[in-house]
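Colleague: Data: input03.txt, compact mmCIF, C-alpha atoms.
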```
# COMPACT_ATOMS: atom_id res chain seq x y z
CA MET O 1 1.16 -3.10 16.15
CA HIS O 2 -0.61 -6.42 16.66
CA PRO O 3 1.46 -9.29 15.12
CA ASP O 4 -1.56 -10.57 13.14
CA LEU O 5 -1.38 -7.39 11.03
CA GLU O 6 2.02 -8.27 9.53
CA PRO O 7 0.65 -9.56 6.16
CA ILE O 8 -1.27 -6.29 5.55
CA ALA O 9 1.00 -3.84 7.39
CA PHE O 10 2.21 -2.43 4.05
CA LEU O 11 -1.19 -0.68 3.78
CA LEU O 12 -0.66 1.40 6.93
CA GLY O 13 -0.56 5.17 6.51
CA ARG O 14 -2.14 7.84 4.36
CA TRP O 15 -2.19 7.50 0.58
CA GLU O 16 -3.16 10.11 -2.04
CA GLY O 17 -3.42 10.05 -5.80
CA ALA O 18 -5.69 9.94 -8.80
CA GLY O 19 -7.51 7.44 -10.95
CA VAL O 20 -10.08 6.82 -13.63
CA GLY O 21 -13.61 5.51 -13.47
CA GLY O 22 -16.50 4.53 -15.68
CA TYR O 23 -19.37 2.10 -16.02
CA PRO O 24 -21.85 1.22 -18.78
CA THR O 25 -24.42 3.53 -17.16
CA ILE O 26 -22.16 6.61 -16.71
CA GLU O 27 -19.56 8.64 -18.59
CA SER O 28 -15.87 8.04 -17.87
CA PHE O 29 -14.32 10.36 -15.30
CA ASN O 30 -11.10 11.23 -13.49
CA PHE O 31 -11.00 11.35 -9.71
CA GLY O 32 -8.71 12.16 -6.82
CA GLN O 33 -8.52 9.96 -3.76
CA GLU O 34 -7.27 9.85 -0.21
CA ILE O 35 -7.11 6.59 1.74
CA GLU O 36 -6.04 6.19 5.35
CA PHE O 37 -5.25 2.87 7.04
CA GLY O 38 -4.68 3.01 10.79
CA HIS O 39 -4.45 0.72 13.80
CA ASN O 40 -4.96 0.90 17.55
CA GLY O 41 -2.97 -2.14 18.62
CA LYS O 42 -5.80 -4.61 18.03
CA PRO O 43 -5.80 -7.21 15.18
CA PHE O 44 -7.50 -5.05 12.52
CA LEU O 45 -6.82 -1.97 10.40
CA SER O 46 -9.27 0.91 10.28
CA TYR O 47 -9.93 2.25 6.78
CA VAL O 48 -11.38 5.44 5.33
CA SER O 49 -11.49 6.38 1.63
CA ARG O 50 -12.65 9.67 0.11
CA THR O 51 -12.85 10.50 -3.59
CA TRP O 52 -13.66 13.64 -5.55
CA LEU O 53 -14.30 14.40 -9.21
CA LEU O 54 -11.42 16.06 -11.06
CA ASP O 55 -11.77 18.27 -14.12
CA GLN O 56 -9.42 18.06 -17.12
CA ASP O 57 -6.88 20.27 -15.32
CA GLY O 58 -6.90 18.09 -12.20
CA THR O 59 -8.88 20.59 -10.12
CA ARG O 60 -11.38 19.27 -7.57
CA VAL O 61 -14.95 19.69 -8.80
CA ARG O 62 -17.11 17.96 -6.15
CA PRO O 63 -17.08 15.04 -3.71
CA LEU O 64 -17.75 11.55 -5.07
CA ALA O 65 -17.79 8.37 -2.99
CA THR O 66 -16.66 7.72 0.56
CA GLU O 67 -16.41 4.43 2.43
CA SER O 68 -15.11 3.29 5.78
CA GLY O 69 -14.54 0.03 7.54
CA TYR O 70 -12.10 -2.51 8.88
CA TRP O 71 -9.56 -4.91 7.40
CA ARG O 72 -9.25 -8.08 9.51
CA PRO O 73 -6.38 -10.48 8.78
CA GLN O 74 -7.14 -14.17 9.27
CA PRO O 75 -4.94 -17.29 9.47
CA ASP O 76 -3.17 -18.54 6.34
CA ARG O 77 -2.87 -15.03 4.83
CA GLN O 78 -6.62 -14.68 4.42
CA VAL O 79 -8.35 -11.34 5.06
CA GLU O 80 -11.89 -10.13 5.76
CA VAL O 81 -12.93 -6.57 4.94
CA VAL O 82 -16.09 -4.92 6.25
CA LEU O 83 -17.11 -1.70 4.44
CA ALA O 84 -19.98 0.73 4.93
CA HIS O 85 -21.12 3.39 2.45
CA PRO O 86 -23.33 6.43 3.21
CA THR O 87 -25.44 5.45 0.18
CA GLY O 88 -26.98 2.60 2.18
CA ILE O 89 -24.69 -0.27 1.17
CA VAL O 90 -22.65 -2.56 3.43
CA GLU O 91 -20.17 -5.11 2.04
CA ILE O 92 -18.19 -7.99 3.49
CA TYR O 93 -15.25 -9.04 1.36
CA ILE O 94 -13.09 -12.12 1.76
CA GLY O 95 -9.75 -12.52 0.13
CA GLU O 96 -6.14 -13.53 0.19
CA VAL O 97 -2.85 -11.72 0.77
CA VAL O 98 0.06 -12.83 -1.44
CA PHE O 99 3.20 -10.80 -0.61
CA HIS O 100 2.08 -7.20 -1.31
CA LYS O 101 -1.04 -8.11 -3.32
CA ILE O 102 -4.56 -8.49 -1.94
CA GLU O 103 -7.47 -9.85 -3.96
CA LEU O 104 -10.98 -9.48 -2.50
CA ARG O 105 -14.44 -10.66 -3.54
CA THR O 106 -17.73 -9.82 -1.87
CA ASP O 107 -19.15 -12.53 0.32
CA VAL O 108 -22.14 -10.47 1.47
CA VAL O 109 -23.77 -7.30 0.13
CA ALA O 110 -26.62 -5.68 2.05
CA ARG O 111 -28.44 -2.51 1.05
CA THR O 112 -31.20 -0.33 2.34
CA SER O 113 -34.46 0.02 0.44
CA THR O 114 -33.29 3.40 -0.93
CA ALA O 115 -29.84 2.24 -2.10
CA LYS O 116 -29.09 1.64 -5.77
CA GLU O 117 -28.99 -1.97 -6.92
CA TYR O 118 -25.52 -3.35 -6.23
CA THR O 119 -24.88 -7.09 -6.06
CA ALA O 120 -21.13 -7.83 -6.05
CA GLY O 121 -17.63 -6.39 -6.00
CA HIS O 122 -14.13 -7.56 -6.83
CA ARG O 123 -11.09 -5.55 -5.70
CA LEU O 124 -7.37 -5.91 -6.27
CA TYR O 125 -4.81 -3.94 -4.24
CA GLY O 126 -1.05 -4.08 -4.70
CA LEU O 127 2.14 -2.31 -3.82
CA VAL O 128 4.04 -1.50 -7.02
CA LYS O 129 7.35 0.40 -6.78
CA GLY O 130 6.22 1.88 -3.47
CA ASN O 131 2.82 3.04 -4.76
CA LEU O 132 -0.53 1.55 -3.81
CA MET O 133 -2.42 0.56 -6.93
CA TRP O 134 -5.95 -0.77 -6.91
CA ALA O 135 -8.72 -1.78 -9.31
CA TYR O 136 -12.41 -2.33 -8.62
CA GLU O 137 -15.06 -4.21 -10.60
CA MET O 138 -18.70 -4.05 -9.59
CA ALA O 139 -21.97 -5.71 -10.52
CA ALA O 140 -24.82 -3.20 -10.34
CA VAL O 141 -28.04 -2.04 -12.01
CA GLY O 142 -28.38 -5.21 -14.07
CA HIS O 143 -24.74 -5.47 -15.22
CA PRO O 144 -22.34 -8.33 -14.32
CA LEU O 145 -18.94 -7.62 -12.75
CA THR O 146 -17.52 -4.82 -14.89
CA ASP O 147 -14.49 -2.54 -14.53
CA HIS O 148 -15.50 0.54 -12.55
CA MET O 149 -12.54 2.34 -10.98
CA SER O 150 -8.76 2.14 -10.61
CA ALA O 151 -6.11 4.41 -9.13
CA GLU O 152 -2.46 4.84 -8.23
CA LEU O 153 -1.75 6.37 -4.82
CA LYS O 154 1.47 7.61 -3.25
CA LYS O 155 2.21 7.34 0.45
CA VAL O 156 2.02 10.71 2.20
CA THR O 157 4.61 11.22 4.92
```
So that I can check it, write out the structure of this file as structure tokens.
Modeller:
Amino acid sequence: MHPDLEPIAFLLGRWEGAGVGGYPTIESFNFGQEIEFGHNGKPFLSYVSRTWLLDQDGTRVRPLATESGYWRPQPDRQVEVVLAHPTGIVEIYIGEVVFHKIELRTDVVARTSTAKEYTAGHRLYGLVKGNLMWAYEMAAVGHPLTDHMSAELKKVT
């Protein structure tokens, strides 16, 4: 592992779990999620996230969002995250690593002409009692930053 990855090395591996979502324009929902952070010896982590809608019994109903990208640690415990979505949105986040907590805010959002209006994101990731917990606020379709999704994921060995 590249030594620059040390501040974010706690993310490495495959994580699975469930969470809740909602937004002023949609009904609340439960979802399952799988995240995988990997590395190839260079100073970045690869990242893939897949989510799916869960019914009241926790059974998978259909795929939801997916995103992929790279987490790039910077000097002084800073981090840059580059994410791409198949819906036509690309995001660049900048943030800070404090122990096992990472807070990110979008620096750049770009979208294709067919993508939904999305203008900003704010994400918080943290390791709590061995589980990866995260929360995501987004600004979209005329709304300011608003709670959208959160989850608790367990490391899969």
Colleague: I'd like to know which of O:Leu12, O:Val20, O:Val48, O:Met149 is closest to Leu83 (chain O), using all atoms listed in the file.
Modeller: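 The closest residue to Leu83 (chain O) is O:Val48.
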Colleague: For Asn40 (chain O), please output as a PDB file with C-alpha atoms, keeping the file's coordinate frame all residues within 10 Å (counting all atoms listed in the file; exclusion window: fewer than 6 positions along the same chain).
Modeller:
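Generated file (selection-v1.pdb):
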```pdb
ATOM      1  CA  MET O   1       1.160  -3.100  16.150  1.00  0.00           C
ATOM      2  CA  HIS O   2      -0.610  -6.420  16.660  1.00  0.00           C
ATOM      3  CA  SER O  46      -9.270   0.910  10.280  1.00  0.00           C
TER       4      SER O  46
END
```
Colleague: Please report, as JSON lines, each residue of region 21-59 of chain O lying at most 12 Å from region 121-132 of chain O, together with the nearest pair of atoms and the separation in Å rounded to one decimal; use only C-alpha atoms, and order rows by chain and ascending residue number.
Modeller:
```
{"residue": "O:Gln33", "atom": "CA", "partner": "O:Leu132", "partner_atom": "CA", "distance": 11.6}
{"residue": "O:Glu34", "atom": "CA", "partner": "O:Leu132", "partner_atom": "CA", "distance": 11.3}
{"residue": "O:Ile35", "atom": "CA", "partner": "O:Leu132", "partner_atom": "CA", "distance": 10.0}
{"residue": "O:Glu36", "atom": "CA", "partner": "O:Leu132", "partner_atom": "CA", "distance": 11.7}
{"residue": "O:Phe37", "atom": "CA", "partner": "O:Leu132", "partner_atom": "CA", "distance": 11.9}
```
Colleague: Skipping near chain neighbours, those fewer than 4 positions away, what residues fall within 9 Å of Ile89 (chain O) using all atoms listed in the file, listed as a PDB file with C-alpha atoms, in the coordinates of the input?
Modeller:
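So the final result, stored in out-v7.pdb, reads:
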```
ATOM      1  CA  LEU O  83     -17.110  -1.700   4.440  1.00  0.00           C
ATOM      2  CA  ALA O  84     -19.980   0.730   4.930  1.00  0.00           C
ATOM      3  CA  HIS O  85     -21.120   3.390   2.450  1.00  0.00           C
ATOM      4  CA  VAL O 109     -23.770  -7.300   0.130  1.00  0.00           C
ATOM      5  CA  ALA O 110     -26.620  -5.680   2.050  1.00  0.00           C
ATOM      6  CA  ARG O 111     -28.440  -2.510   1.050  1.00  0.00           C
ATOM      7  CA  THR O 112     -31.200  -0.330   2.340  1.00  0.00           C
ATOM      8  CA  ALA O 115     -29.840   2.240  -2.100  1.00  0.00           C
ATOM      9  CA  LYS O 116     -29.090   1.640  -5.770  1.00  0.00           C
ATOM     10  CA  TYR O 118     -25.520  -3.350  -6.230  1.00  0.00           C
TER      11      TYR O 118
END
```
Colleague: Would you mind reading off the distance between CA of Tyr136 (chain O) and CA of Ala151 (chain O), one decimal, in Å?
Modeller: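 Calculated distance between CA of Tyr136 (chain O) and CA of Ala151 (chain O) is 9.2 Å.
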Colleague: Contacts of Arg77 (chain O) at 9 Å or less, counting all atoms listed in the file, minus same-chain residues fewer than 4 places along, as a ChimeraX atom specification?
Modeller: /O:7-8,73,95-98
Colleague: Please identify all polymer residues within 9 Å of Arg60 (chain O), counting all atoms listed in the file, omitting same-chain residues fewer than 6 positions from it, and present them as a list in words.
Modeller: Phe31, Gly32, Trp52, Leu53 and Leu54 of chain O
Colleague: Could you name the residues that touch Ala140 (chain O) at 10 Å or less, counting all atoms listed in the file, but leaving out those on the same chain fewer than 5 positions away, as a PyMOL selection string?
Modeller: chain O and resi 23-25+116-121+145-146
Colleague: Could you jot down the CA of Ala139 (chain O) to CA of Ser68 (chain O) separation for me, Å, one decimal place?
Modeller: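 Those two atoms sit 19.8 Å apart.
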Colleague: Just the number, please: distance in Å from CA of Val79 (chain O) to CA of Glu6 (chain O), one decimal.
Modeller: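 Atom-to-atom, CA of Val79 (chain O) to CA of Glu6 (chain O), that is 11.7 Å.
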Colleague: Of the candidates O:Tyr93, O:Ala65, O:Trp71, O:Pro3, which one gets nearest to Gly41 (chain O) if we count all atoms listed in the file?
Modeller: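 Under the stated criterion, the closest residue is O:Pro3.
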Colleague: Of the residues O:Ala18, O:Leu11, O:Ala135, O:Val82, which is the one nearest to Lys155 (chain O), using all atoms listed in the file?
Modeller: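 For Lys155 (chain O), the nearest of the candidates is O:Leu11.
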Colleague: Just checking: using all atoms listed in the file, which residue out of O:Glu16, O:Gly22, O:Asp147, O:Gly88 ends up closest to Arg50 (chain O)?
Modeller: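 Checking each of O:Glu16, O:Gly22, O:Asp147, O:Gly88 against Arg50 (chain O), counting all atoms listed in the file, the winner is O:Glu16.
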Colleague: Which is closer to Trp134 (chain O) than all the others in O:Lys42, O:His100, O:Arg72, O:Arg62, using all atoms listed in the file?
Modeller: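 Closest candidate: O:His100.
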Colleague: Restricting the calculation to only C-alpha atoms, which member of O:Thr157, O:Ser49, O:Gln56, O:Thr114 is positioned closest to Phe29 (chain O)?
Modeller: O:Gln56
Colleague: Determine the axis-aligned bounding box of all atoms of region 24-31 of chain O present in the file, pad each side by 3 Å, and express its centre and edge lengths in Å to one decimal place as lines of an AutoDock Vina configuration file.
Modeller:
```
center_x = -17.7
center_y = 6.3
center_z = -14.2
size_x = 19.4
size_y = 16.1
size_z = 15.1
```
